[in-house]
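Report on the structure given below.
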Amino acid sequence: MENQVLTPHVYWAQRHRELYLRVELSDVQNPAISITENVLHFKAQGHGAKGDNVYEFHLEFLDLVKPEPLFLAPDFDRWLDESDAEMELRAKEEERLNKLRLESQGSPETLISLKKGYLFMYNLVQFLGFSWMFVNMTVRFFILGKESFYDTFHTMADMMYFCQMLSVVETINAAIGVTKSPVMPSLIQLLGRNFILFIIFGTMEEMQNKAVVFFVFYTWSTIEIFRYPFYMLYCLDMDWKVLTWLRYTVWIPLYPLGCLAEAVSVIQSIPVFNETGRFSFTLPYPVKIKVRFSFFLQIYLILLFLGLYINFRHLYKQRRRRYGQKKKKIN
């Protein structure tokens with residue numbers, strides 16, 4: 001018994017000047033497709049709505065059709081009318097432009113990863129530098145005792161110069177928004193330390209053999225060997241509670257001690273600068289007054305403790321935000 005001839009489900013759509021047809025058949029065998037003038041003839045055996053049968057239909061168009069081979073199985077899941085097609089083209093163009101823009105600028109995730117990598121490496125280098133000085137000074141003290149105080153500058157100066165010059169990056173990062181740290185505390189610490197290192201110690205050989213150099217360098221190093229690894233872990237989204245507590249606590253005794261050591265170095269340098277006349281100058285005629293550099297050092301002593309107050313207040317606020325007790329709500 002021959003299979004019954006049935007009419008299949010035929011889907012159509014028109015886009016611009018083109019007509020799309022889709023015949024809902026699967027496992028098609030021996031399809032016969034032909035066009036005579038304005039009539040499309042289709043006949044094939046396959047699996048349709050009525051199971052495995054022979055399906056046939058004739059479709060009459062309003063105008064003549066060019067007798068070219070046709071594909072009668074377009075993907076109508078993506079069918080769009082003319083207005084939708086134009087919107088789709090605009091959306092694809094915007095998507096392409098956005099993709100090009102992101103590729104040229106870098107995706108936000110990529111930029112964040114690069115920033116974290118850059119900050120991690122900066123903090124790692126600083127940590128290694130200050131750790132080297134801290135360990136070196138500690139070992140020398142246990143071996144040589146007080147004798148190690150007097151040649152601290154000659155053994156540590158190169159590394160301290162490197163770390164303090166590199167610390168300029170820290171202030172720049174805060175200024176341009178790479179880090180969320182306020183600029184002023186970072187700038188005060190940068191200028192204060194570099195003034196002591198490059199002006200008080202670096203330009204006066206008489207100061208380089210004094211014991212105060214050891215105490216200045218040692219307090220600086222002790223503070224930084226806790227601060228920089230804390231920031232390293234922060235870049236990795238890690239929090240080690242012991243290190244965090246040390247970062248927010250050791251400054252309480254060390255910052256005043258460091259400030260005191262810096263003040264002692266400035267006071268000890270005043271007679272040296274007066275004796276040598278270095279950086280002193282005479283005002284031009286008709287004043288002709290000699291201005292000693294020690295005058296500016298006395299002003300710097302006042303600014304030194306003012307800077308200590310600003311930084312101490314800043315660090316205290318940070319610690320209170322981290323460990324301060326939450327205020328109870330009043331009903």
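Following the order of the structure tokens, first chain is A, next is B, and so on, with residues numbered from 1 inside each chain and ligands from 1 in the order they appear.
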
Among range 149-197 of chain A, which residues does DSSP mark as alpha helix (DSSP H) when it is run on the backbone? Keep the chain and numbering as in the structure and answer as a PyMOL selection string.
chain A and resi 152-166+168-176+183-194

Restricted to C-alpha atoms, what would the selected residues look like written as a PDB file, in the first residue's frame?
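The result, stored in again_3.pdb:
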```pdb
ATOM      1  CA  THR A 152      75.390  52.264  59.990  1.00  0.00           C
ATOM      2  CA  PHE A 153      75.307  54.928  57.298  1.00  0.00           C
ATOM      3  CA  HIS A 154      78.222  53.447  55.332  1.00  0.00           C
ATOM      4  CA  THR A 155      76.712  49.945  55.354  1.00  0.00           C
ATOM      5  CA  MET A 156      73.039  50.869  54.818  1.00  0.00           C
ATOM      6  CA  ALA A 157      73.056  54.134  52.888  1.00  0.00           C
ATOM      7  CA  ASP A 158      72.864  52.696  49.357  1.00  0.00           C
ATOM      8  CA  MET A 159      69.839  50.543  50.132  1.00  0.00           C
ATOM      9  CA  MET A 160      68.153  53.335  52.088  1.00  0.00           C
ATOM     10  CA  TYR A 161      68.753  55.754  49.211  1.00  0.00           C
ATOM     11  CA  PHE A 162      67.136  53.258  46.827  1.00  0.00           C
ATOM     12  CA  CYS A 163      64.071  52.613  48.999  1.00  0.00           C
ATOM     13  CA  GLN A 164      63.466  56.269  49.797  1.00  0.00           C
ATOM     14  CA  MET A 165      63.803  57.374  46.172  1.00  0.00           C
ATOM     15  CA  LEU A 166      61.426  54.583  45.182  1.00  0.00           C
ATOM     16  CA  VAL A 168      58.199  58.738  45.503  1.00  0.00           C
ATOM     17  CA  VAL A 169      56.031  56.256  43.599  1.00  0.00           C
ATOM     18  CA  GLU A 170      53.820  55.886  46.676  1.00  0.00           C
ATOM     19  CA  THR A 171      52.966  59.577  46.718  1.00  0.00           C
ATOM     20  CA  ILE A 172      52.389  59.619  42.957  1.00  0.00           C
ATOM     21  CA  ASN A 173      50.034  56.640  43.253  1.00  0.00           C
ATOM     22  CA  ALA A 174      47.972  58.488  45.851  1.00  0.00           C
ATOM     23  CA  ALA A 175      47.964  61.702  43.787  1.00  0.00           C
ATOM     24  CA  ILE A 176      46.726  60.105  40.536  1.00  0.00           C
ATOM     25  CA  VAL A 183      48.168  62.454  49.479  1.00  0.00           C
ATOM     26  CA  MET A 184      49.147  64.659  52.425  1.00  0.00           C
ATOM     27  CA  PRO A 185      50.324  61.983  54.930  1.00  0.00           C
ATOM     28  CA  SER A 186      52.286  60.232  52.203  1.00  0.00           C
ATOM     29  CA  LEU A 187      53.867  63.508  51.059  1.00  0.00           C
ATOM     30  CA  ILE A 188      54.779  64.548  54.621  1.00  0.00           C
ATOM     31  CA  GLN A 189      56.525  61.228  55.269  1.00  0.00           C
ATOM     32  CA  LEU A 190      58.308  61.344  51.891  1.00  0.00           C
ATOM     33  CA  LEU A 191      59.641  64.886  52.341  1.00  0.00           C
ATOM     34  CA  GLY A 192      60.516  64.409  56.012  1.00  0.00           C
ATOM     35  CA  ARG A 193      62.489  61.203  55.567  1.00  0.00           C
ATOM     36  CA  ASN A 194      64.269  62.382  52.439  1.00  0.00           C
TER      37      ASN A 194
END
```

If we count only C-alpha atoms, what is near range 203-215 of chain A at a cut-off of 10 Å, once residues fewer than 5 positions away on the same chain are taken out, given as a short mmCIF file (atom, residue, chain, number, x, y, z; two decimals) with all heavy atoms, in the first residue's frame?
```cif
data_model
loop_
_atom_site.label_atom_id
_atom_site.label_comp_id
_atom_site.auth_asym_id
_atom_site.auth_seq_id
_atom_site.Cartn_x
_atom_site.Cartn_y
_atom_site.Cartn_z
N MET A 137 71.05 45.27 60.27
CA MET A 137 71.34 46.08 61.46
C MET A 137 71.17 45.26 62.74
O MET A 137 71.95 45.43 63.70
CB MET A 137 70.43 47.31 61.49
CG MET A 137 70.84 48.38 60.50
SD MET A 137 69.86 49.92 60.65
CE MET A 137 68.32 49.39 59.91
N PHE A 141 74.21 44.42 65.30
CA PHE A 141 74.13 44.87 66.68
C PHE A 141 74.45 43.73 67.66
O PHE A 141 75.17 43.93 68.64
CB PHE A 141 72.73 45.43 66.98
CG PHE A 141 72.52 45.77 68.42
CD1 PHE A 141 73.12 46.89 68.99
CD2 PHE A 141 71.72 44.97 69.23
CE1 PHE A 141 72.93 47.20 70.34
CE2 PHE A 141 71.53 45.28 70.58
CZ PHE A 141 72.14 46.38 71.13
N LYS A 146 77.38 48.13 70.46
CA LYS A 146 77.27 49.56 70.18
C LYS A 146 78.19 50.03 69.07
O LYS A 146 77.95 51.08 68.45
CB LYS A 146 77.55 50.36 71.45
CG LYS A 146 76.53 50.14 72.56
CD LYS A 146 76.85 50.97 73.78
CE LYS A 146 75.84 50.75 74.90
NZ LYS A 146 76.15 51.56 76.11
N GLU A 147 79.24 49.27 68.79
CA GLU A 147 80.16 49.67 67.73
C GLU A 147 79.48 49.71 66.36
O GLU A 147 79.90 50.41 65.45
CB GLU A 147 81.36 48.71 67.69
CG GLU A 147 82.24 48.77 68.92
CD GLU A 147 82.87 50.13 69.10
OE1 GLU A 147 83.25 50.75 68.07
OE2 GLU A 147 82.99 50.59 70.25
N SER A 148 78.39 48.92 66.22
CA SER A 148 77.70 48.88 64.93
C SER A 148 76.94 50.18 64.66
O SER A 148 76.56 50.46 63.51
CB SER A 148 76.71 47.71 64.90
OG SER A 148 75.67 47.88 65.85
N PHE A 149 76.68 50.98 65.70
CA PHE A 149 75.94 52.23 65.52
C PHE A 149 76.67 53.20 64.60
O PHE A 149 76.05 53.89 63.80
CB PHE A 149 75.70 52.91 66.87
CG PHE A 149 74.80 52.16 67.80
CD1 PHE A 149 74.69 52.55 69.14
CD2 PHE A 149 74.05 51.07 67.37
CE1 PHE A 149 73.85 51.88 70.02
CE2 PHE A 149 73.21 50.38 68.24
CZ PHE A 149 73.12 50.79 69.57
N TYR A 150 78.01 53.23 64.71
CA TYR A 150 78.77 54.32 64.13
C TYR A 150 79.10 54.15 62.64
O TYR A 150 79.55 55.11 62.01
CB TYR A 150 80.06 54.53 64.95
CG TYR A 150 79.76 54.76 66.40
CD1 TYR A 150 79.95 53.76 67.34
CD2 TYR A 150 79.24 55.98 66.83
CE1 TYR A 150 79.65 53.95 68.69
CE2 TYR A 150 78.93 56.18 68.18
CZ TYR A 150 79.13 55.17 69.10
OH TYR A 150 78.81 55.37 70.41
N ASP A 151 78.89 52.97 62.10
CA ASP A 151 79.11 52.80 60.65
C ASP A 151 77.82 52.35 59.94
O ASP A 151 77.86 51.79 58.86
CB ASP A 151 80.24 51.81 60.37
CG ASP A 151 79.92 50.42 60.89
OD1 ASP A 151 78.95 50.28 61.65
OD2 ASP A 151 80.64 49.47 60.50
N THR A 152 76.68 52.64 60.59
CA THR A 152 75.39 52.26 59.99
C THR A 152 75.20 52.94 58.64
O THR A 152 74.73 52.30 57.67
CB THR A 152 74.22 52.65 60.92
OG1 THR A 152 74.34 51.93 62.15
CG2 THR A 152 72.89 52.31 60.29
N PHE A 153 75.53 54.21 58.55
CA PHE A 153 75.31 54.93 57.30
C PHE A 153 76.11 54.31 56.16
O PHE A 153 75.59 54.12 55.06
CB PHE A 153 75.69 56.41 57.45
CG PHE A 153 75.39 57.22 56.23
CD1 PHE A 153 74.13 57.78 56.04
CD2 PHE A 153 76.37 57.43 55.26
CE1 PHE A 153 73.86 58.52 54.90
CE2 PHE A 153 76.11 58.18 54.13
CZ PHE A 153 74.84 58.73 53.94
N HIS A 154 77.36 53.96 56.41
CA HIS A 154 78.22 53.45 55.33
C HIS A 154 77.80 52.05 54.88
O HIS A 154 78.09 51.66 53.74
CB HIS A 154 79.68 53.44 55.81
CG HIS A 154 80.18 54.79 56.20
ND1 HIS A 154 80.45 55.78 55.28
CD2 HIS A 154 80.44 55.33 57.43
CE1 HIS A 154 80.86 56.87 55.91
NE2 HIS A 154 80.87 56.62 57.22
N MET A 156 74.46 50.90 55.18
CA MET A 156 73.04 50.87 54.82
C MET A 156 72.62 51.97 53.85
O MET A 156 71.51 51.92 53.32
CB MET A 156 72.17 51.00 56.09
CG MET A 156 72.43 49.96 57.13
SD MET A 156 71.99 48.30 56.54
CE MET A 156 73.11 47.33 57.55
N ALA A 157 73.48 52.93 53.62
CA ALA A 157 73.06 54.13 52.89
C ALA A 157 72.55 53.82 51.48
O ALA A 157 71.52 54.36 51.05
CB ALA A 157 74.20 55.13 52.82
N ILE A 196 65.92 64.26 55.99
CA ILE A 196 66.88 63.72 56.95
C ILE A 196 67.97 62.93 56.22
O ILE A 196 69.17 63.07 56.51
CB ILE A 196 66.17 62.82 57.98
CG1 ILE A 196 65.17 63.63 58.81
CG2 ILE A 196 67.19 62.13 58.89
CD1 ILE A 196 65.76 64.70 59.67
N LEU A 197 67.55 62.07 55.28
CA LEU A 197 68.50 61.18 54.61
C LEU A 197 69.46 61.94 53.70
O LEU A 197 70.68 61.75 53.77
CB LEU A 197 67.74 60.12 53.81
CG LEU A 197 68.58 59.15 52.98
CD1 LEU A 197 69.48 58.32 53.89
CD2 LEU A 197 67.68 58.24 52.15
N PHE A 198 68.92 62.78 52.83
CA PHE A 198 69.75 63.41 51.80
C PHE A 198 70.43 64.69 52.26
O PHE A 198 71.53 65.00 51.80
CB PHE A 198 68.90 63.71 50.55
CG PHE A 198 68.48 62.48 49.79
CD1 PHE A 198 67.24 61.90 50.01
CD2 PHE A 198 69.33 61.91 48.86
CE1 PHE A 198 66.84 60.77 49.32
CE2 PHE A 198 68.95 60.77 48.17
CZ PHE A 198 67.70 60.20 48.39
N TRP A 220 62.66 53.36 60.98
CA TRP A 220 62.05 53.36 59.65
C TRP A 220 61.85 51.93 59.14
O TRP A 220 60.77 51.57 58.67
CB TRP A 220 62.92 54.13 58.67
CG TRP A 220 62.96 55.61 58.88
CD1 TRP A 220 62.27 56.34 59.81
CD2 TRP A 220 63.75 56.54 58.14
NE1 TRP A 220 62.58 57.67 59.70
CE2 TRP A 220 63.48 57.83 58.67
CE3 TRP A 220 64.66 56.44 57.09
CZ2 TRP A 220 64.09 58.99 58.18
CZ3 TRP A 220 65.27 57.59 56.58
CH2 TRP A 220 64.99 58.86 57.13
N SER A 221 62.89 51.12 59.26
CA SER A 221 62.82 49.75 58.74
C SER A 221 61.81 48.91 59.51
O SER A 221 61.07 48.10 58.91
CB SER A 221 64.20 49.10 58.81
OG SER A 221 65.14 49.81 58.05
N LEU A 257 58.96 57.48 68.35
CA LEU A 257 60.39 57.20 68.51
C LEU A 257 61.17 57.62 67.27
O LEU A 257 62.27 58.19 67.37
CB LEU A 257 60.60 55.71 68.78
CG LEU A 257 60.16 55.20 70.16
CD1 LEU A 257 60.32 53.69 70.25
CD2 LEU A 257 60.97 55.89 71.27
N GLY A 258 60.60 57.34 66.09
CA GLY A 258 61.27 57.75 64.86
C GLY A 258 61.36 59.25 64.74
O GLY A 258 62.39 59.81 64.32
N LEU A 260 61.40 61.34 67.22
CA LEU A 260 62.37 61.79 68.22
C LEU A 260 63.80 61.60 67.70
O LEU A 260 64.65 62.48 67.88
CB LEU A 260 62.17 61.01 69.53
CG LEU A 260 63.10 61.38 70.69
CD1 LEU A 260 62.92 62.84 71.08
CD2 LEU A 260 62.85 60.46 71.88
N ALA A 261 64.06 60.46 67.07
CA ALA A 261 65.40 60.21 66.51
C ALA A 261 65.72 61.22 65.41
O ALA A 261 66.86 61.72 65.32
CB ALA A 261 65.47 58.78 65.98
N GLU A 262 64.74 61.53 64.57
CA GLU A 262 64.96 62.53 63.51
C GLU A 262 65.23 63.89 64.12
O GLU A 262 66.11 64.64 63.63
CB GLU A 262 63.74 62.58 62.59
CG GLU A 262 63.52 61.32 61.76
CD GLU A 262 62.23 61.36 60.97
OE1 GLU A 262 61.79 62.49 60.62
OE2 GLU A 262 61.65 60.30 60.70
N ALA A 263 64.51 64.26 65.17
CA ALA A 263 64.72 65.55 65.83
C ALA A 263 66.13 65.63 66.43
O ALA A 263 66.80 66.66 66.33
CB ALA A 263 63.66 65.77 66.91
N VAL A 264 66.58 64.53 67.04
CA VAL A 264 67.94 64.50 67.59
C VAL A 264 68.97 64.70 66.49
O VAL A 264 69.96 65.43 66.68
CB VAL A 264 68.17 63.18 68.34
CG1 VAL A 264 69.65 63.02 68.72
CG2 VAL A 264 67.29 63.10 69.59
N SER A 265 68.74 64.06 65.34
CA SER A 265 69.71 64.22 64.24
C SER A 265 69.75 65.65 63.75
O SER A 265 70.83 66.18 63.41
CB SER A 265 69.35 63.27 63.09
OG SER A 265 68.12 63.65 62.49
N VAL A 266 68.60 66.32 63.70
CA VAL A 266 68.57 67.73 63.26
C VAL A 266 69.29 68.61 64.29
O VAL A 266 70.09 69.48 63.93
CB VAL A 266 67.11 68.20 63.07
CG1 VAL A 266 67.06 69.71 62.79
CG2 VAL A 266 66.46 67.45 61.91
N GLN A 268 71.63 67.75 66.40
CA GLN A 268 73.07 67.49 66.36
C GLN A 268 73.72 68.10 65.12
O GLN A 268 74.92 68.40 65.13
CB GLN A 268 73.32 65.98 66.38
CG GLN A 268 73.01 65.32 67.72
CD GLN A 268 73.34 63.83 67.72
OE1 GLN A 268 73.65 63.24 66.67
NE2 GLN A 268 73.28 63.21 68.90
N SER A 269 72.93 68.30 64.07
CA SER A 269 73.50 68.84 62.83
C SER A 269 73.61 70.36 62.85
O SER A 269 74.36 70.94 62.05
CB SER A 269 72.66 68.41 61.63
OG SER A 269 71.40 69.07 61.63
N VAL A 272 77.07 71.69 63.35
CA VAL A 272 77.90 71.28 62.20
C VAL A 272 77.66 72.20 61.02
O VAL A 272 78.60 72.67 60.36
CB VAL A 272 77.61 69.81 61.82
CG1 VAL A 272 78.45 69.41 60.62
CG2 VAL A 272 77.87 68.89 63.00
N PHE A 273 76.38 72.52 60.75
CA PHE A 273 76.08 73.43 59.64
C PHE A 273 76.56 74.84 59.94
O PHE A 273 77.00 75.57 59.02
CB PHE A 273 74.57 73.43 59.37
CG PHE A 273 74.10 72.28 58.54
CD1 PHE A 273 73.42 71.21 59.12
CD2 PHE A 273 74.32 72.25 57.17
CE1 PHE A 273 72.98 70.14 58.36
CE2 PHE A 273 73.89 71.19 56.40
CZ PHE A 273 73.21 70.12 56.99
N THR A 276 80.47 74.81 59.37
CA THR A 276 80.89 74.68 57.97
C THR A 276 80.31 75.77 57.08
O THR A 276 80.87 76.07 56.02
CB THR A 276 80.45 73.31 57.41
OG1 THR A 276 79.02 73.20 57.47
CG2 THR A 276 81.10 72.18 58.19
N ARG A 278 77.67 75.54 55.41
CA ARG A 278 77.01 74.93 54.24
C ARG A 278 75.54 75.33 54.18
O ARG A 278 74.86 75.34 55.19
CB ARG A 278 77.14 73.42 54.30
CG ARG A 278 76.51 72.71 53.11
CD ARG A 278 76.98 71.28 53.02
NE ARG A 278 78.41 71.21 52.70
CZ ARG A 278 79.07 70.06 52.49
NH1 ARG A 278 78.44 68.90 52.62
NH2 ARG A 278 80.35 70.09 52.20
#
```

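Among the candidates A:Arg227, A:Lys180, A:Arg96, A:Arg320, the residue lying nearest to Ser131 in chain A is A:Arg227 (atoms considered: only C-alpha atoms).
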
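Using only C-alpha atoms, the shortest contact distance between Ala32 in chain A and any of A:Thr138, A:Tyr11, A:Lys116, A:Tyr55 is found at A:Tyr55.
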
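Closest approach to Gln126 in chain A from the set A:Val65, A:Leu303, A:Met232, A:Leu111 is made by A:Met232, with distances taken over only C-alpha atoms.
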
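What separates CA of Tyr255 in chain A from CA of Phe296 in chain A is a distance of 22.9 Å.
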
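Here CA of Glu275 in chain A stands at a distance of 29.2 Å from CA of Leu308 in chain A.
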
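Closest approach to Val39 in chain A among A:Ser280, A:Glu60, A:Tyr122, A:Ile299 is made by A:Glu60 (distances from only C-alpha atoms).
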
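Reported to one decimal place, the separation of CA of Ala44 in chain A from CA of Glu18 in chain A is 23.9 Å.
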
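Contact shell of Leu25 in chain A at 7 Å (only C-alpha atoms; same-chain neighbours under 6 positions omitted): Gly46, His47 and Gly48 of chain A.
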
Just-selected residues, N, CA, C and O atoms written as a PDB file, in the first residue's frame:
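Writing the result to selection04.pdb gives the following:
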```
ATOM      1  N   GLY A  46       9.073  12.050   3.713  1.00  0.00           N
ATOM      2  CA  GLY A  46       9.804  12.363   4.927  1.00  0.00           C
ATOM      3  C   GLY A  46       8.904  12.255   6.138  1.00  0.00           C
ATOM      4  O   GLY A  46       7.742  11.844   6.053  1.00  0.00           O
ATOM      5  N   HIS A  47       9.467  12.646   7.260  1.00  0.00           N
ATOM      6  CA  HIS A  47       8.733  12.566   8.531  1.00  0.00           C
ATOM      7  C   HIS A  47       8.202  13.950   8.871  1.00  0.00           C
ATOM      8  O   HIS A  47       8.955  14.891   9.088  1.00  0.00           O
ATOM      9  N   GLY A  48       6.870  14.087   8.868  1.00  0.00           N
ATOM     10  CA  GLY A  48       6.239  15.364   9.152  1.00  0.00           C
ATOM     11  C   GLY A  48       5.238  15.251  10.275  1.00  0.00           C
ATOM     12  O   GLY A  48       5.344  14.386  11.151  1.00  0.00           O
TER      13      GLY A  48
END
```

Please, which residues of range 18-236 of chain A, numbered as in this document, come out strand (DSSP E or B) from DSSP, as a ChimeraX atom specification?
/A:18-23,26-36,39-48,51-60

Determine, counting only C-alpha atoms, which protein, DNA and RNA residues have an atom within 9 Å of an atom of Ile223 in chain A; residues of the same chain fewer than 3 positions away are not included. Present the result as a ChimeraX atom specification.
/A:218-220,226-228,247,250-251,254-255

Hey, what's within 9 Å of Val291 in chain A if we count only C-alpha atoms and toss same-chain stuff fewer than 4 positions away? As a ChimeraX atom specification, please?
/A:280-283,295
